[in-house]
$ cat coords-v5.pdb   # PDB, C-alpha atoms
ATOM      1  CA  MET O   1     108.408 -92.151  28.025
ATOM      2  CA  LEU O   2     104.990 -92.536  26.403
ATOM      3  CA  HIS O   3     105.217 -96.365  26.473
ATOM      4  CA  SER O   4     105.999 -96.385  30.186
ATOM      5  CA  HIS O   5     102.960 -94.257  30.865
ATOM      6  CA  ARG O   6     100.777 -96.564  28.928
ATOM      7  CA  ALA O   7     102.152 -99.687  30.747
ATOM      8  CA  ALA O   8     101.561 -98.021  34.086
ATOM      9  CA  LEU O   9      97.987 -97.269  33.097
ATOM     10  CA  ALA O  10      97.381-100.920  32.026
ATOM     11  CA  GLY O  11      98.848-102.191  35.320
ATOM     12  CA  ILE O  12      96.614 -99.978  37.368
ATOM     13  CA  THR O  13      93.609-101.134  35.430
ATOM     14  CA  LEU O  14      94.485-104.813  35.978
ATOM     15  CA  VAL O  15      94.913-104.337  39.710
ATOM     16  CA  LEU O  16      91.589-102.657  39.904
ATOM     17  CA  VAL O  17      89.914-105.531  38.118
ATOM     18  CA  VAL O  18      91.464-108.224  40.357
ATOM     19  CA  SER O  19      90.625-106.293  43.475
ATOM     20  CA  ALA O  20      87.081-106.051  42.371
ATOM     21  CA  CYS O  21      86.745-109.769  42.063
ATOM     22  CA  ALA O  22      88.242-110.493  45.519
ATOM     23  CA  LEU O  23      86.413-107.888  47.502
ATOM     24  CA  PRO O  24      82.939-108.537  48.905
ATOM     25  CA  PRO O  25      80.155-107.066  47.001
ATOM     26  CA  ILE O  26      79.475-103.468  47.742
ATOM     27  CA  PRO O  27      76.488-101.476  46.976
ATOM     28  CA  LEU O  28      76.251-100.512  43.390
ATOM     29  CA  GLN O  29      77.264 -96.980  42.603
ATOM     30  CA  ASP O  30      76.819 -94.871  39.590
ATOM     31  CA  PRO O  31      79.065 -96.320  36.913
ATOM     32  CA  GLY O  32      79.612 -92.899  35.497
ATOM     33  CA  ALA O  33      80.839 -91.658  38.815
ATOM     34  CA  ILE O  34      83.220 -94.566  39.195
ATOM     35  CA  SER O  35      84.639 -94.052  35.761
ATOM     36  CA  THR O  36      85.011 -90.411  36.425
ATOM     37  CA  ALA O  37      86.854 -91.031  39.696
ATOM     38  CA  ALA O  38      89.139 -93.549  38.114
ATOM     39  CA  ALA O  39      89.928 -91.258  35.308
ATOM     40  CA  GLN O  40      90.681 -88.395  37.680
ATOM     41  CA  THR O  41      93.000 -90.702  39.674
ATOM     42  CA  VAL O  42      94.871 -91.727  36.563
ATOM     43  CA  ILE O  43      95.127 -88.169  35.382
ATOM     44  CA  ALA O  44      96.385 -87.046  38.747
ATOM     45  CA  GLY O  45      99.101 -89.671  38.633
ATOM     46  CA  LEU O  46     100.063 -88.672  35.180
ATOM     47  CA  THR O  47     100.119 -85.074  36.218
ATOM     48  CA  GLN O  48     102.449 -85.796  39.127
ATOM     49  CA  THR O  49     104.894 -87.739  36.950
ATOM     50  CA  THR O  50     104.979 -85.260  34.148
ATOM     51  CA  PHE O  51     107.817 -82.639  34.198
ATOM     52  CA  PRO O  52     107.736 -79.423  32.263
ATOM     53  CA  VAL O  53     110.072 -79.242  29.362
ATOM     54  CA  THR O  54     112.170 -76.173  29.184
ATOM     55  CA  PRO O  55     114.238 -75.141  26.185
ATOM     56  CA  SER O  56     117.394 -75.984  28.101
ATOM     57  CA  GLU O  57     116.337 -79.563  28.487
ATOM     58  CA  THR O  58     116.388 -80.201  24.798
ATOM     59  CA  LEU O  59     120.189 -80.228  25.081
ATOM     60  CA  ALA O  60     122.204 -83.357  25.777
ATOM     61  CA  PRO O  61     121.946 -84.602  29.432
ATOM     62  CA  SER O  62     125.668 -84.052  30.030
ATOM     63  CA  LEU O  63     125.612 -80.470  28.879
ATOM     64  CA  GLU O  64     124.127 -77.612  30.757
ATOM     65  CA  ALA O  65     122.848 -74.743  28.727
ATOM     66  CA  PRO O  66     125.021 -71.712  29.394
ATOM     67  CA  THR O  67     123.362 -68.679  30.705
ATOM     68  CA  LEU O  68     123.883 -65.984  28.142
ATOM     69  CA  THR O  69     123.869 -62.537  29.659
ATOM     70  CA  ALA O  70     123.863 -59.813  27.057
ATOM     71  CA  THR O  71     125.690 -56.821  28.416
ATOM     72  CA  PRO O  72     124.463 -53.877  26.459
ATOM     73  CA  GLU O  73     127.188 -51.651  25.171
ATOM     74  CA  PRO O  74     126.932 -48.050  26.181
ATOM     75  CA  PRO O  75     125.572 -45.997  23.354
ATOM     76  CA  THR O  76     128.225 -44.323  21.342
ATOM     77  CA  SER O  77     127.645 -40.607  21.682
ATOM     78  CA  THR O  78     127.786 -38.769  18.405
ATOM     79  CA  PRO O  79     129.342 -35.365  19.088
ATOM     80  CA  THR O  80     127.132 -32.489  18.039
ATOM     81  CA  PRO O  81     129.142 -30.261  15.741
ATOM     82  CA  THR O  82     129.542 -26.744  17.081
ATOM     83  CA  PRO O  83     128.729 -24.294  14.305
ATOM     84  CA  LEU O  84     131.404 -21.746  13.591
ATOM     85  CA  PRO O  85     130.377 -18.138  14.184
ATOM     86  CA  PRO O  86     129.435 -16.358  10.987
ATOM     87  CA  VAL O  87     132.154 -14.217   9.490
ATOM     88  CA  ILE O  88     131.047 -10.597   9.614
ATOM     89  CA  PHE O  89     132.906  -8.307   7.307
ATOM     90  CA  THR O  90     133.028  -4.781   8.686
ATOM     91  CA  PRO O  91     134.112  -2.446   5.947
ATOM     92  CA  THR O  92     136.576   0.215   6.936
ATOM     93  CA  PRO O  93     134.671   3.510   6.765
ATOM     94  CA  VAL O  94     135.961   5.751   4.011
ATOM     95  CA  VAL O  95     135.749   9.437   4.811
ATOM     96  CA  PRO O  96     134.435  11.344   1.771
ATOM     97  CA  GLN O  97     136.832  13.797   0.166
ATOM     98  CA  ILE O  98     136.076  17.232  -1.253
ATOM     99  CA  SER O  99     137.821  19.335  -3.893
ATOM    100  CA  VAL O 100     137.007  22.622  -5.618
ATOM    101  CA  SER O 101     137.250  24.007  -9.142
ATOM    102  CA  VAL O 102     137.983  27.551  -7.909
ATOM    103  CA  PRO O 103     139.593  28.674  -4.628
ATOM    104  CA  THR O 104     136.858  28.687  -1.956
ATOM    105  CA  ASN O 105     136.782  30.211   1.526
ATOM    106  CA  CYS O 106     136.164  28.081   4.616
ATOM    107  CA  ARG O 107     134.375  29.751   7.526
ATOM    108  CA  SER O 108     133.423  29.103  11.130
ATOM    109  CA  GLY O 109     129.822  28.640  10.001
ATOM    110  CA  PRO O 110     127.795  28.098   6.827
ATOM    111  CA  GLY O 111     127.579  31.654   5.502
ATOM    112  CA  LYS O 112     129.410  34.881   4.829
ATOM    113  CA  VAL O 113     128.408  36.280   8.219
ATOM    114  CA  TYR O 114     130.796  33.819   9.879
ATOM    115  CA  ARG O 115     134.491  34.416  10.443
ATOM    116  CA  LEU O 116     136.910  33.363   7.701
ATOM    117  CA  VAL O 117     139.222  30.675   9.104
ATOM    118  CA  GLY O 118     140.732  28.953   6.055
ATOM    119  CA  GLY O 119     140.264  28.002   2.438
ATOM    120  CA  LEU O 120     140.545  25.213  -0.123
ATOM    121  CA  VAL O 121     142.512  25.824  -3.317
ATOM    122  CA  VAL O 122     142.346  24.018  -6.653
ATOM    123  CA  GLY O 123     144.183  20.694  -6.564
ATOM    124  CA  GLU O 124     143.800  20.350  -2.788
ATOM    125  CA  THR O 125     141.442  17.916  -1.012
ATOM    126  CA  ALA O 126     139.959  17.767   2.464
ATOM    127  CA  GLN O 127     137.952  15.253   4.483
ATOM    128  CA  VAL O 128     134.186  15.765   4.781
ATOM    129  CA  TYR O 129     132.462  15.023   8.094
ATOM    130  CA  GLY O 130     128.985  16.526   7.684
ATOM    131  CA  ARG O 131     126.766  19.053   5.974
ATOM    132  CA  ASP O 132     124.300  21.777   6.894
ATOM    133  CA  PRO O 133     120.498  21.344   6.669
ATOM    134  CA  SER O 134     120.345  23.282   3.381
ATOM    135  CA  GLY O 135     122.925  20.999   1.724
ATOM    136  CA  MET O 136     124.843  24.036   0.448
ATOM    137  CA  TYR O 137     127.776  23.871   2.889
ATOM    138  CA  TRP O 138     130.091  20.999   3.835
ATOM    139  CA  TYR O 139     131.654  20.530   7.256
ATOM    140  CA  ILE O 140     135.296  19.641   6.571
ATOM    141  CA  ARG O 141     138.665  19.388   8.250
ATOM    142  CA  ASN O 142     140.267  22.805   7.886
ATOM    143  CA  PRO O 143     143.031  22.539   5.252
ATOM    144  CA  ASP O 144     144.862  25.425   6.915
ATOM    145  CA  SER O 145     144.476  24.056  10.462
ATOM    146  CA  PRO O 146     144.164  20.226  10.436
ATOM    147  CA  ASN O 147     143.163  20.067  14.111
ATOM    148  CA  ASN O 148     140.084  22.207  13.462
ATOM    149  CA  PHE O 149     137.018  22.146  11.240
ATOM    150  CA  CYS O 150     135.247  24.691   9.073
ATOM    151  CA  TRP O 151     132.333  25.112   6.649
ATOM    152  CA  LEU O 152     132.988  25.139   2.899
ATOM    153  CA  TRP O 153     130.561  26.498   0.321
ATOM    154  CA  GLY O 154     129.568  23.760  -2.125
ATOM    155  CA  GLN O 155     128.979  25.888  -5.229
ATOM    156  CA  TYR O 156     132.298  24.917  -6.815
ATOM    157  CA  ALA O 157     132.912  21.744  -4.791
ATOM    158  CA  THR O 158     132.990  18.078  -5.821
ATOM    159  CA  VAL O 159     132.578  15.379  -3.167
ATOM    160  CA  THR O 160     133.793  11.819  -3.727
ATOM    161  CA  GLY O 161     132.886   8.830  -1.558
ATOM    162  CA  ASN O 162     129.705   7.718   0.186
ATOM    163  CA  ILE O 163     127.886  10.729   1.618
ATOM    164  CA  ALA O 164     124.659   8.885   2.515
ATOM    165  CA  GLY O 165     125.759   8.427   6.109
ATOM    166  CA  LEU O 166     127.044  11.944   6.667
ATOM    167  CA  PRO O 167     125.382  13.639   9.643
ATOM    168  CA  VAL O 168     123.484  16.876   9.223
ATOM    169  CA  TYR O 169     124.877  19.394  11.675
ATOM    170  CA  THR O 170     123.012  22.357  13.071
ATOM    171  CA  PRO O 171     125.150  25.397  12.310
ATOM    172  CA  PRO O 172     126.423  27.519  15.161
ATOM    173  CA  PRO O 173     124.503  30.680  15.994
ATOM    174  CA  SER O 174     125.148  33.596  13.688
ATOM    175  CA  PRO O 175     127.658  36.002  15.154
ATOM    176  CA  THR O 176     126.320  39.297  16.398
ATOM    177  CA  PRO O 177     127.125  41.765  13.659
ATOM    178  CA  THR O 178     129.391  44.541  14.790
ATOM    179  CA  PHE O 179     128.171  48.008  14.101
ATOM    180  CA  THR O 180     129.730  49.392  10.944
ATOM    181  CA  PRO O 181     129.151  53.091  10.626
ATOM    182  CA  THR O 182     127.904  54.348   7.311
ATOM    183  CA  PRO O 183     130.741  55.921   5.350
ATOM    184  CA  SER O 184     130.723  59.612   6.058
ATOM    185  CA  PRO O 185     132.756  61.547   3.524
ATOM    186  CA  GLY O 186     133.775  65.076   4.328
ATOM    187  CA  PHE O 187     136.525  67.624   3.906
ATOM    188  CA  GLN O 188     137.582  71.120   4.830
ATOM    189  CA  ALA O 189     138.636  73.795   2.273
ATOM    190  CA  SER O 190     140.278  77.182   2.716
ATOM    191  CA  TYR O 191     142.166  79.745   0.644
ATOM    192  CA  SER O 192     145.963  79.415   0.875
ATOM    193  CA  SER O 193     147.778  81.827  -1.533
ATOM    194  CA  LEU O 194     147.950  83.285  -5.047
ATOM    195  CA  GLU O 195     150.489  81.788  -7.455
ATOM    196  CA  HIS O 196     151.813  83.322 -10.666
ATOM    197  CA  CYS O 197     153.739  82.062 -13.671
ATOM    198  CA  ALA O 198     153.438  84.482 -16.576
ATOM    199  CA  PRO O 199     151.024  84.843 -18.133
ATOM    200  CA  SER O 200     148.741  82.913 -15.686
ATOM    201  CA  TRP O 201     147.430  83.539 -12.182
ATOM    202  CA  TRP O 202     145.687  80.984  -9.941
ATOM    203  CA  PRO O 203     144.674  80.688  -6.298
ATOM    204  CA  GLU O 204     145.909  77.842  -4.068
ATOM    205  CA  VAL O 205     143.340  76.006  -1.897
ATOM    206  CA  ARG O 206     144.132  73.925   1.141
ATOM    207  CA  LEU O 207     142.095  70.649   1.481
ATOM    208  CA  ARG O 208     141.830  68.257   4.441
ATOM    209  CA  ASN O 209     139.931  64.946   4.363
ATOM    210  CA  THR O 210     137.824  64.863   7.544
ATOM    211  CA  GLY O 211     135.587  61.978   6.504
ATOM    212  CA  SER O 212     135.889  58.152   6.638
ATOM    213  CA  ILE O 213     136.566  57.436   2.967
ATOM    214  CA  PRO O 214     139.395  58.526   0.653
ATOM    215  CA  PHE O 215     138.875  60.781  -2.375
ATOM    216  CA  ARG O 216     140.154  59.896  -5.856
ATOM    217  CA  SER O 217     138.900  62.700  -8.128
ATOM    218  CA  MET O 218     138.139  66.403  -7.955
ATOM    219  CA  ALA O 219     136.231  69.150  -9.782
ATOM    220  CA  ILE O 220     136.728  72.866  -9.147
ATOM    221  CA  THR O 221     134.663  75.762 -10.501
ATOM    222  CA  LEU O 222     136.304  79.151  -9.890
ATOM    223  CA  LYS O 223     134.378  82.384 -10.528
ATOM    224  CA  ASP O 224     135.511  85.976 -10.417
ATOM    225  CA  THR O 225     132.361  87.533  -9.015
ATOM    226  CA  GLY O 226     133.460  91.024 -10.094
ATOM    227  CA  THR O 227     133.944  90.206 -13.799
ATOM    228  CA  GLY O 228     131.766  87.088 -13.972
ATOM    229  CA  THR O 229     134.636  85.077 -15.483
ATOM    230  CA  VAL O 230     134.411  81.340 -14.759
ATOM    231  CA  HIS O 231     137.008  78.590 -15.149
ATOM    232  CA  ARG O 232     136.562  74.885 -14.418
ATOM    233  CA  SER O 233     138.828  71.855 -14.079
ATOM    234  CA  PHE O 234     138.129  68.104 -13.712
ATOM    235  CA  THR O 235     140.910  65.762 -12.725
ATOM    236  CA  ASP O 236     141.651  62.302 -11.256
ATOM    237  CA  VAL O 237     144.758  63.631  -9.506
ATOM    238  CA  PHE O 238     145.401  66.282  -6.916
ATOM    239  CA  THR O 239     147.910  68.785  -8.293
ATOM    240  CA  ASN O 240     149.935  71.515  -6.632
ATOM    241  CA  LYS O 241     151.829  73.867  -8.945
ATOM    242  CA  ASN O 242     154.561  75.818  -7.200
ATOM    243  CA  GLY O 243     154.804  78.840  -9.473
ATOM    244  CA  CYS O 244     156.963  78.041 -12.486
ATOM    245  CA  LEU O 245     159.305  75.739 -10.599
ATOM    246  CA  THR O 246     157.718  72.358  -9.617
ATOM    247  CA  THR O 247     154.476  70.468  -9.757
ATOM    248  CA  ALA O 248     153.426  67.833  -7.173
ATOM    249  CA  THR O 249     150.553  65.382  -7.676
ATOM    250  CA  ARG O 250     148.717  62.716  -5.658
ATOM    251  CA  ASP O 251     146.281  60.045  -6.830
ATOM    252  CA  THR O 252     144.322  59.931  -3.565
ATOM    253  CA  LEU O 253     143.489  62.271  -0.743
ATOM    254  CA  GLY O 254     143.409  59.741   2.096
ATOM    255  CA  VAL O 255     141.400  59.861   5.290
ATOM    256  CA  GLY O 256     142.845  62.478   7.624
ATOM    257  CA  LYS O 257     145.309  63.690   4.969
ATOM    258  CA  ALA O 258     145.763  67.326   3.832
ATOM    259  CA  MET O 259     147.358  68.976   0.812
ATOM    260  CA  ILE O 260     147.360  72.179  -1.199
ATOM    261  CA  VAL O 261     145.837  72.045  -4.674
ATOM    262  CA  SER O 262     145.901  74.585  -7.495
ATOM    263  CA  ALA O 263     142.630  76.062  -8.782
ATOM    264  CA  PRO O 264     142.081  76.852 -12.503
ATOM    265  CA  ALA O 265     144.313  79.656 -13.827
ATOM    266  CA  PHE O 266     143.269  83.075 -15.109
ATOM    267  CA  ASN O 267     145.236  85.154 -17.579
ATOM    268  CA  TYR O 268     145.162  88.256 -15.379
ATOM    269  CA  ASN O 269     146.131  89.199 -11.896
ATOM    270  CA  LEU O 270     143.428  88.153  -9.418
ATOM    271  CA  SER O 271     144.726  90.276  -6.597
ATOM    272  CA  GLY O 272     141.876  92.161  -4.878
ATOM    273  CA  HIS O 273     139.180  90.307  -6.824
ATOM    274  CA  ARG O 274     136.367  88.628  -4.969
ATOM    275  CA  MET O 275     136.508  84.921  -5.883
ATOM    276  CA  ARG O 276     134.144  82.033  -5.266
ATOM    277  CA  ALA O 277     135.344  78.448  -5.509
ATOM    278  CA  THR O 278     133.016  75.427  -5.649
ATOM    279  CA  ILE O 279     134.958  72.250  -4.923
ATOM    280  CA  THR O 280     133.673  68.680  -5.344
ATOM    281  CA  LEU O 281     135.622  65.642  -4.108
ATOM    282  CA  CYS O 282     134.550  62.101  -5.078
ATOM    283  CA  SER O 283     135.493  58.632  -3.808
ATOM    284  CA  GLY O 284     135.755  57.246  -7.364
ATOM    285  CA  THR O 285     137.661  58.343 -10.405
ATOM    286  CA  GLY O 286     135.922  60.382 -13.103
ATOM    287  CA  GLN O 287     133.915  62.206 -10.438
ATOM    288  CA  ASN O 288     131.994  59.055  -9.574
ATOM    289  CA  GLY O 289     131.184  57.272  -6.355
ATOM    290  CA  THR O 290     130.381  59.188  -3.193
ATOM    291  CA  CYS O 291     130.885  62.923  -3.745
ATOM    292  CA  VAL O 292     130.893  65.905  -1.414
ATOM    293  CA  THR O 293     130.757  69.572  -2.464
ATOM    294  CA  LYS O 294     131.793  72.703  -0.604
ATOM    295  CA  THR O 295     131.869  76.360  -1.606
ATOM    296  CA  ILE O 296     134.215  79.011  -0.259
ATOM    297  CA  THR O 297     134.694  82.700  -1.031
ATOM    298  CA  PHE O 298     137.920  84.653  -0.634
ATOM    299  CA  ARG O 299     139.792  87.733  -1.899
ATOM    300  CA  PRO O 300     143.439  87.105  -2.962
TER     301      PRO O 300
END
$ encode --input "coords-v5.pdb" --output "structure tokens"
Amino acid sequence: MLHSHRAALAGITLVLVVSACALPPIPLQDPGAISTAAAQTVIAGLTQTTFPVTPSETLAPSLEAPTLTATPEPPTSTPTPTPLPPVIFTPTPVVPQISVSVPTNCRSGPGKVYRLVGGLVVGETAQVYGRDPSGMYWYIRNPDSPNNFCWLWGQYATVTGNIAGLPVYTPPPSPTPTFTPTPSPGFQASYSSLEHCAPSWWPEVRLRNTGSIPFRSMAITLKDTGTGTVHRSFTDVFTNKNGCLTTATRDTLGVGKAMIVSAPAFNYNLSGHRMRATITLCSGTGQNGTCVTKTITFRP
């Protein structure tokens, strides 16, 4: 290809020379301009006969470069792993248990002013559901009534299990105390008869308990006001001697009860004598407790 270009250039040059000799003389022009024009003409011809070389043309003339079309593969999606939910262990709540070292009452509220509704004995357990603000009483399932609850004093109690989460319950209002009258001891006394079993004589006195407490002991002082003779007796029983035949006794003179008791005996006949008896009844034995005294006078 390069040799053909060169031959063409030499031919053109030769033609130009011959033509110059045959043509009539023309006015002289600038040689530089002529050379420049000739060069531009040659270059133009070369430019028109020159073809661009593409990479495909470097192949053999009989082969046509295949058009390679790269079909991109779709991106392979990588699945995002779904994290498993965390395993949450929820412990099964354990209800604390309570036991006692001595039998303990269980009440409707935390205190002795509340009604007694049950109790916990040694060797028995109950479930604990709360406590009072003082921490001295436990709110438990009533051992004697499983469908109900009560308050147990903690003095002799032992609680097992976790008590940190136990609620603190406000105790129910204290019950209105019912009026309890003050014990009012009292009795009535009167002369009954004169008994005799040789060589002794004694008056019989009738007693009736008119108070609100029973009597368990008695003291009697009997005085013959005419002679000044005095006899006394102290006893924890109430005795009735029926002459020389029988003797009946009682340990207690109950509320509302009545009986005849024998006064101390004299060794002479008391008929017609003016007597004074001072009688003391007591709620306790040995003339202790609450005591009441009455004095009566009579003439057998």
$ residues_near_point --input "coords-v5.pdb" --point "(132.8, 74.7, -8.9)" --cutoff "6 Å" --atoms "all atoms listed in the file" --output "ChimeraX atom specification"
/O:220-222,277-279
$ resolve_selection --input "coords-v5.pdb" --expression "the PyMOL selection byres ((chain O and resi 244-247) around 10)" --output "PDB file with C-alpha atoms, in the frame of the given file"
ATOM      1  CA  GLU O 195     150.489  81.788  -7.455  1.00  0.00           C
ATOM      2  CA  HIS O 196     151.813  83.322 -10.666  1.00  0.00           C
ATOM      3  CA  CYS O 197     153.739  82.062 -13.671  1.00  0.00           C
ATOM      4  CA  ALA O 198     153.438  84.482 -16.576  1.00  0.00           C
ATOM      5  CA  THR O 239     147.910  68.785  -8.293  1.00  0.00           C
ATOM      6  CA  ASN O 240     149.935  71.515  -6.632  1.00  0.00           C
ATOM      7  CA  LYS O 241     151.829  73.867  -8.945  1.00  0.00           C
ATOM      8  CA  ASN O 242     154.561  75.818  -7.200  1.00  0.00           C
ATOM      9  CA  GLY O 243     154.804  78.840  -9.473  1.00  0.00           C
ATOM     10  CA  ALA O 248     153.426  67.833  -7.173  1.00  0.00           C
ATOM     11  CA  THR O 249     150.553  65.382  -7.676  1.00  0.00           C
ATOM     12  CA  SER O 262     145.901  74.585  -7.495  1.00  0.00           C
TER      13      SER O 262
END
$ closest_atom_pairs --input "coords-v5.pdb" --of "region 116-212 of chain O" --to "region 254-257 of chain O" --cutoff "6 Å" --atoms "all atoms listed in the file" --output "JSON lines"
{"residue": "O:Arg208", "atom": "CA", "partner": "O:Lys257", "partner_atom": "CA", "distance": 5.8}
{"residue": "O:Asn209", "atom": "CA", "partner": "O:Gly256", "partner_atom": "CA", "distance": 5.0}
{"residue": "O:Thr210", "atom": "CA", "partner": "O:Gly256", "partner_atom": "CA", "distance": 5.6}
{"residue": "O:Ser212", "atom": "CA", "partner": "O:Val255", "partner_atom": "CA", "distance": 5.9}
$ resolve_selection --input "coords-v5.pdb" --expression "the PyMOL selection byres ((chain O and resi 153-161) around 10)" --output "ChimeraX atom specification"
/O:94-107,109-112,120,122,125-128,131,135-139,151-152,162-164
$ closest_residue --input "coords-v5.pdb" --among "O:Gly284, O:Pro214, O:Gly119, O:Gly226" --to "Pro185 (chain O)" --atoms "only C-alpha atoms"
O:Pro214
$ atom_distance --input "coords-v5.pdb" --atom1 "CA of Gly272 (chain O)" --atom2 "CA of Ala258 (chain O)"
26.6 Å
$ resolve_selection --input "coords-v5.pdb" --expression "the PyMOL selection byres ((chain O and resi 298) around 8)" --output "NGL selection string"
:O and (191 or 274-276 or 296-297 or 299-300)
$ write_last_selection --input "coords-v5.pdb" --atoms "C-alpha atoms" --output "JSON list (two decimals), in the frame of the given file"
[["chain", "number", "residue", "atom", "x", "y", "z"],
["O", 191, "TYR", "CA", 142.17, 79.74, 0.64],
["O", 274, "ARG", "CA", 136.37, 88.63, -4.97],
["O", 275, "MET", "CA", 136.51, 84.92, -5.88],
["O", 276, "ARG", "CA", 134.14, 82.03, -5.27],
["O", 296, "ILE", "CA", 134.22, 79.01, -0.26],
["O", 297, "THR", "CA", 134.69, 82.70, -1.03],
["O", 299, "ARG", "CA", 139.79, 87.73, -1.90],
["O", 300, "PRO", "CA", 143.44, 87.10, -2.96]]
$ atom_distance --input "coords-v5.pdb" --atom1 "CA of Asp224 (chain O)" --atom2 "CA of Leu270 (chain O)"
8.3 Å
$ atom_distance --input "coords-v5.pdb" --atom1 "CA of Phe238 (chain O)" --atom2 "CA of Ser217 (chain O)"
7.5 Å
$ residues_around --input "coords-v5.pdb" --residues "Ser283 (chain O)" --least-positions-apart "4" --cutoff "7 Å" --atoms "all atoms listed in the file" --output "VMD selection string"
chain O and resid 213 to 217 288 to 291
$ closest_residue --input "coords-v5.pdb" --among "O:Ser108, O:Asn269, O:Thr295, O:Thr285" --to "Thr235 (chain O)" --atoms "all atoms listed in the file"
O:Thr285
$ closest_residue --input "coords-v5.pdb" --among "O:Ser193, O:Gly286, O:His273, O:Cys150" --to "Gly228 (chain O)" --atoms "all atoms listed in the file"
O:His273
